[in-house]
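K.L.:
The following block contains the structure, expressed as structure tokens.
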Amino acid sequence: MRGNTLYIVVPCYNEEEVLPETARRLGDKLRALMAAGKIGPRSRALFVNDGSKDRTWEVVTKLHREDPLLCGVDLSRNRGHQNALLAGLMTAKDKADMVISMDADLQDDVDAADAMVDKYLAGADIVYGVRSSRKTDTFFKRTTAEAFYRMMDLLGAETVFNHADYRLMSRRALEGLSQFKEVNLFLRGIVPMIGYPCDTVEYQRGERFAGQSKYPLKKMVAFALEGVTSLSVKPLRMITGLGFLVFLASLVMIAYNVVRFATGNTVAGWASLACSVWFIGGLILLSLGVIGEYLGKLYLESKGRPRYLIGQVLDGEDESGRD
Ligand code: UDP
Ligand code: MG
């Protein structure tokens, strides 16, 4: 029988408004699951402060003082959602048998955790939270998010449809994850690569409880590009295909011009010439850009910089700080 210590990891960036409510619900959830005998007494909720500019860490410290089930990790600076999540998962890995990751804003239905734990106890190593509808999302968020999943698919990045970062992972799966050393982290793409038995749990995604989205359009686009370039080399192949097509077109063009020359009606057409110069020039620049994107990734990966640095851990064990 596998162990049953559960950690719930929550990355937080400027979440002072929602944290008290999130903490209350997670505390209640942990106690309910403990009372039901599904999880062990050493289970905890772990808040990762991702270099927030507001009072998030003060709130976490206060919550920890009031309720020992609530713990915290403070990162040295803002490292972004994915890195903050990884920091939490790697911290929890050594203490827990299973770890659930969820957003701080209560959009992920806390009650779905029961089903996740059940599926873990039934033998699954990874349980994906899949949202059953997007009714509560704004029209803009819904269309951009769906376009995101479609584009990912088209460009060869395989992900679980309508699954964000609400999922349960067993210790074994986390050990697997820790062996993926990439600096350009896109967890949704990497987790399915781990393998092991997996399962899904459906849930209704709610609205943000309070505060504002930390993913403006600019960050979403960056996140999508990150996903594609870190999971697939299909864009590079597309460039090759494009180059081939343009080459074919130029062959046709040459043949056409030869025929015109032979029949003696050559026209000095600078317009078509100018157009093709711009067209081909644009294609070349675009292609160079895509290649440059991969080159840039390679450059960053080759440095192998740390993905996060931990400033302080509040878990009731070692609170001396590790800085
Ligand atoms: N987040 C983070 N670091 C960042 C940005 C976001 O840890 O730099 C966290 C944020 O606190 C939240 C989660 O990532 O718990 C998802 O962010 P948000 O809810 O704003 O995204 P949305 O649901 O709007 O896509
Ligand atoms: Mg959210």
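Residue names in the structure tokens use chain letters A, B, ... in the order shown, residue numbers from 1 in each chain, and ligand numbers from 1 in the order shown.
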According to DSSP computed on the backbone, where in segment 112-286 of chain A is there alpha helix (DSSP H)? Give the residues as a PyMOL selection string.
P.N.:
chain A and resi 112-121+139-154+171-178+187-194+217-231+234-262+270-286
K.L.:
Kindly work out which residues sit at most 6 Å from ligand 1, using only C-alpha atoms and all ligand atoms, and give the list as a list in words.
P.N.:
Pro11, Cys12, Tyr13, Glu15, Asp50, Gly80, His81, Ala84, Asp103, Ala104, Asp105, Ser213, Lys214 and Tyr215 of chain A
K.L.:
With N, CA, C and O atoms retained, write the just-selected residues as a PDB file, in the first residue's frame.
P.N.:
ATOM      1  N   PRO A  11       1.126  28.079  -6.170  1.00  0.00           N
ATOM      2  CA  PRO A  11       1.982  29.224  -6.489  1.00  0.00           C
ATOM      3  C   PRO A  11       1.215  30.519  -6.318  1.00  0.00           C
ATOM      4  O   PRO A  11       0.045  30.599  -6.694  1.00  0.00           O
ATOM      5  N   CYS A  12       1.841  31.524  -5.731  1.00  0.00           N
ATOM      6  CA  CYS A  12       1.137  32.775  -5.453  1.00  0.00           C
ATOM      7  C   CYS A  12       1.954  33.970  -5.890  1.00  0.00           C
ATOM      8  O   CYS A  12       3.089  34.142  -5.461  1.00  0.00           O
ATOM      9  N   TYR A  13       1.371  34.793  -6.735  1.00  0.00           N
ATOM     10  CA  TYR A  13       2.023  36.034  -7.123  1.00  0.00           C
ATOM     11  C   TYR A  13       1.025  37.170  -6.912  1.00  0.00           C
ATOM     12  O   TYR A  13      -0.012  37.202  -7.557  1.00  0.00           O
ATOM     13  N   GLU A  15      -1.137  37.715  -4.438  1.00  0.00           N
ATOM     14  CA  GLU A  15      -2.449  37.124  -4.171  1.00  0.00           C
ATOM     15  C   GLU A  15      -2.959  37.452  -2.766  1.00  0.00           C
ATOM     16  O   GLU A  15      -3.730  36.699  -2.195  1.00  0.00           O
ATOM     17  N   ASP A  50       5.929  33.729  -5.124  1.00  0.00           N
ATOM     18  CA  ASP A  50       6.763  33.933  -6.302  1.00  0.00           C
ATOM     19  C   ASP A  50       7.205  35.396  -6.404  1.00  0.00           C
ATOM     20  O   ASP A  50       6.837  36.105  -7.328  1.00  0.00           O
ATOM     21  N   GLY A  80       8.084  33.452 -12.295  1.00  0.00           N
ATOM     22  CA  GLY A  80       6.992  33.023 -13.174  1.00  0.00           C
ATOM     23  C   GLY A  80       6.271  31.799 -12.634  1.00  0.00           C
ATOM     24  O   GLY A  80       6.830  31.013 -11.862  1.00  0.00           O
ATOM     25  N   HIS A  81       5.036  31.657 -13.070  1.00  0.00           N
ATOM     26  CA  HIS A  81       4.143  30.607 -12.591  1.00  0.00           C
ATOM     27  C   HIS A  81       4.781  29.207 -12.633  1.00  0.00           C
ATOM     28  O   HIS A  81       4.786  28.477 -11.640  1.00  0.00           O
ATOM     29  N   ALA A  84       7.684  28.714 -10.233  1.00  0.00           N
ATOM     30  CA  ALA A  84       7.208  28.742  -8.848  1.00  0.00           C
ATOM     31  C   ALA A  84       6.555  27.402  -8.507  1.00  0.00           C
ATOM     32  O   ALA A  84       6.772  26.831  -7.433  1.00  0.00           O
ATOM     33  N   ASP A 103      -4.101  26.615  -8.592  1.00  0.00           N
ATOM     34  CA  ASP A 103      -3.908  28.059  -8.571  1.00  0.00           C
ATOM     35  C   ASP A 103      -4.425  28.643  -7.269  1.00  0.00           C
ATOM     36  O   ASP A 103      -5.283  28.061  -6.610  1.00  0.00           O
ATOM     37  N   ALA A 104      -3.920  29.821  -6.954  1.00  0.00           N
ATOM     38  CA  ALA A 104      -4.289  30.459  -5.695  1.00  0.00           C
ATOM     39  C   ALA A 104      -5.675  31.092  -5.731  1.00  0.00           C
ATOM     40  O   ALA A 104      -6.264  31.371  -4.701  1.00  0.00           O
ATOM     41  N   ASP A 105      -6.205  31.307  -6.941  1.00  0.00           N
ATOM     42  CA  ASP A 105      -7.394  32.152  -7.043  1.00  0.00           C
ATOM     43  C   ASP A 105      -8.719  31.400  -6.921  1.00  0.00           C
ATOM     44  O   ASP A 105      -9.777  31.959  -7.187  1.00  0.00           O
ATOM     45  N   SER A 213      -6.281  38.731 -12.913  1.00  0.00           N
ATOM     46  CA  SER A 213      -5.499  37.684 -13.551  1.00  0.00           C
ATOM     47  C   SER A 213      -4.036  38.121 -13.654  1.00  0.00           C
ATOM     48  O   SER A 213      -3.748  39.274 -13.928  1.00  0.00           O
ATOM     49  N   LYS A 214      -3.140  37.191 -13.392  1.00  0.00           N
ATOM     50  CA  LYS A 214      -1.712  37.486 -13.512  1.00  0.00           C
ATOM     51  C   LYS A 214      -1.208  37.083 -14.892  1.00  0.00           C
ATOM     52  O   LYS A 214      -0.016  37.028 -15.132  1.00  0.00           O
ATOM     53  N   TYR A 215      -2.138  36.733 -15.769  1.00  0.00           N
ATOM     54  CA  TYR A 215      -1.777  36.358 -17.131  1.00  0.00           C
ATOM     55  C   TYR A 215      -2.415  37.298 -18.144  1.00  0.00           C
ATOM     56  O   TYR A 215      -3.416  36.961 -18.754  1.00  0.00           O
TER      57      TYR A 215
END
K.L.:
How would you write, as number ranges by chain, the set of residues in segment 119-260 of chain A that DSSP gives as strand (DSSP E)?
P.N.:
A: 126-131, 163-170, 198-203
K.L.:
With C-alpha atoms retained, could you export that selection as a compact mmCIF listing (two decimals), in the first residue's frame?
P.N.:
# COMPACT_ATOMS: atom_id res chain seq x y z
CA ILE A 126 -0.90 11.30 -12.35
CA VAL A 127 -4.47 12.59 -12.19
CA TYR A 128 -5.27 15.48 -14.54
CA GLY A 129 -7.94 17.98 -13.59
CA VAL A 130 -9.88 18.65 -16.79
CA ARG A 131 -12.40 21.45 -16.89
CA HIS A 163 -6.16 20.78 -18.58
CA ALA A 164 -4.26 23.59 -16.89
CA ASP A 165 -2.02 23.02 -13.91
CA TYR A 166 -4.57 21.46 -11.58
CA ARG A 167 -3.32 17.91 -11.15
CA LEU A 168 -2.20 15.27 -8.69
CA MET A 169 1.20 13.63 -8.99
CA SER A 170 2.57 10.74 -6.98
CA CYS A 198 -2.79 8.25 -15.29
CA ASP A 199 -6.40 9.27 -14.97
CA THR A 200 -8.54 12.40 -15.23
CA VAL A 201 -11.06 14.15 -13.02
CA GLU A 202 -13.59 16.62 -14.43
CA TYR A 203 -14.38 19.84 -12.63
K.L.:
Can you work out which one of A:Ser76, A:Thr138, A:Ser43, A:Ser230 has the shortest atom-to-atom distance to ligand 2, counting only C-alpha atoms and all ligand atoms?
P.N.:
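Answer, going by the shortest atom-to-atom distance: A:Thr138.
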K.L.:
When distances are computed from only C-alpha atoms and all ligand atoms, which of A:Gln107, A:Ser250, A:Gln82, A:Gln204 shows the smallest separation from ligand 2?
P.N.:
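Selected residue with least distance to ligand 2: A:Gln107.
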K.L.:
What's the 12 Å shell around Gly3 of chain A, counting only C-alpha atoms, without same-chain residues fewer than 3 positions away, as a PDB file with C-alpha atoms, in the first residue's frame?
P.N.:
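Printed below is selection_1.pdb as written:
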ATOM      1  CA  LEU A   6      -0.810  14.791   0.671  1.00  0.00           C
ATOM      2  CA  LYS A  38      -7.911   9.182   3.131  1.00  0.00           C
ATOM      3  CA  ILE A  39      -4.789  11.211   3.846  1.00  0.00           C
ATOM      4  CA  GLY A  40      -2.233  11.079   6.617  1.00  0.00           C
ATOM      5  CA  PRO A  41      -1.759  13.522   9.507  1.00  0.00           C
ATOM      6  CA  ARG A  42       1.431  14.972   8.029  1.00  0.00           C
ATOM      7  CA  SER A  43      -0.460  16.378   5.028  1.00  0.00           C
ATOM      8  CA  LYS A  95       7.804  15.067   2.291  1.00  0.00           C
ATOM      9  CA  ALA A  96       4.714  13.859   0.503  1.00  0.00           C
ATOM     10  CA  ASP A  97       3.472  10.704  -1.194  1.00  0.00           C
ATOM     11  CA  MET A  98       1.181  12.669  -3.494  1.00  0.00           C
ATOM     12  CA  VAL A  99       1.088  16.340  -4.433  1.00  0.00           C
ATOM     13  CA  VAL A 117      -6.985  11.389  -4.016  1.00  0.00           C
ATOM     14  CA  TYR A 120      -4.344   8.039  -6.536  1.00  0.00           C
ATOM     15  CA  LEU A 121      -5.346   5.482  -3.890  1.00  0.00           C
ATOM     16  CA  GLY A 123      -3.350   3.283  -8.356  1.00  0.00           C
ATOM     17  CA  SER A 170       2.573  10.742  -6.982  1.00  0.00           C
ATOM     18  CA  ARG A 171       6.035  10.854  -5.486  1.00  0.00           C
ATOM     19  CA  ARG A 172       7.223   8.479  -8.198  1.00  0.00           C
TER      20      ARG A 172
END
K.L.:
I want to know what sits within 10 Å of Gly195 of chain A, based on only C-alpha atoms, with residues of the same chain fewer than 6 positions away left out; could you give that as a PyMOL selection string?
P.N.:
chain A and resi 125-126+173+176
K.L.:
Suppose we keep N, CA, C and O atoms; can you now write the selection as a PDB file, in the first residue's frame?
P.N.:
ATOM      1  N   ASP A 125      -0.826   7.398 -10.969  1.00  0.00           N
ATOM      2  CA  ASP A 125       0.330   8.208 -10.562  1.00  0.00           C
ATOM      3  C   ASP A 125       0.140   9.675 -10.899  1.00  0.00           C
ATOM      4  O   ASP A 125       0.684  10.553 -10.251  1.00  0.00           O
ATOM      5  N   ILE A 126      -0.616   9.925 -11.976  1.00  0.00           N
ATOM      6  CA  ILE A 126      -0.902  11.303 -12.351  1.00  0.00           C
ATOM      7  C   ILE A 126      -2.407  11.416 -12.601  1.00  0.00           C
ATOM      8  O   ILE A 126      -2.970  10.604 -13.317  1.00  0.00           O
ATOM      9  N   ALA A 173       6.052   9.941  -9.753  1.00  0.00           N
ATOM     10  CA  ALA A 173       5.957  10.821 -10.924  1.00  0.00           C
ATOM     11  C   ALA A 173       6.796  12.081 -10.719  1.00  0.00           C
ATOM     12  O   ALA A 173       7.421  12.585 -11.649  1.00  0.00           O
ATOM     13  N   GLY A 176      10.281  11.420 -11.348  1.00  0.00           N
ATOM     14  CA  GLY A 176      10.476  11.455 -12.800  1.00  0.00           C
ATOM     15  C   GLY A 176      10.618  12.885 -13.292  1.00  0.00           C
ATOM     16  O   GLY A 176      11.541  13.216 -14.043  1.00  0.00           O
TER      17      GLY A 176
END
K.L.:
Between A:Leu251, A:Leu70, A:Val246, A:Leu187, which residue has the minimum interatomic distance to Glu226 of chain A, considering only C-alpha atoms?
P.N.:
A:Leu187
K.L.:
Mind giving me the straight-line distance from atom CA of Tyr308 of chain A to atom CA of Gly88 of chain A in Å, one decimal?
P.N.:
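Those two atoms sit 10.2 Å apart.
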K.L.:
Between atom CA of Val313 of chain A and atom CA of Glu175 of chain A, what is the distance in Å, rounded to a tenth?
P.N.:
20.5 Å
K.L.:
For each of A:Val160, A:Leu30, A:Val290, A:Met102, take the minimum atom-to-atom distance to ligand 2, counting only C-alpha atoms and all ligand atoms, then give the residue where this is smallest.
P.N.:
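Answer, going by the shortest atom-to-atom distance: A:Met102.
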K.L.:
Take atom CA of Glu293 of chain A and atom CA of Val228 of chain A and report the distance between them in Å, one decimal.
P.N.:
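Calculated distance between atom CA of Glu293 of chain A and atom CA of Val228 of chain A is 10.8 Å.
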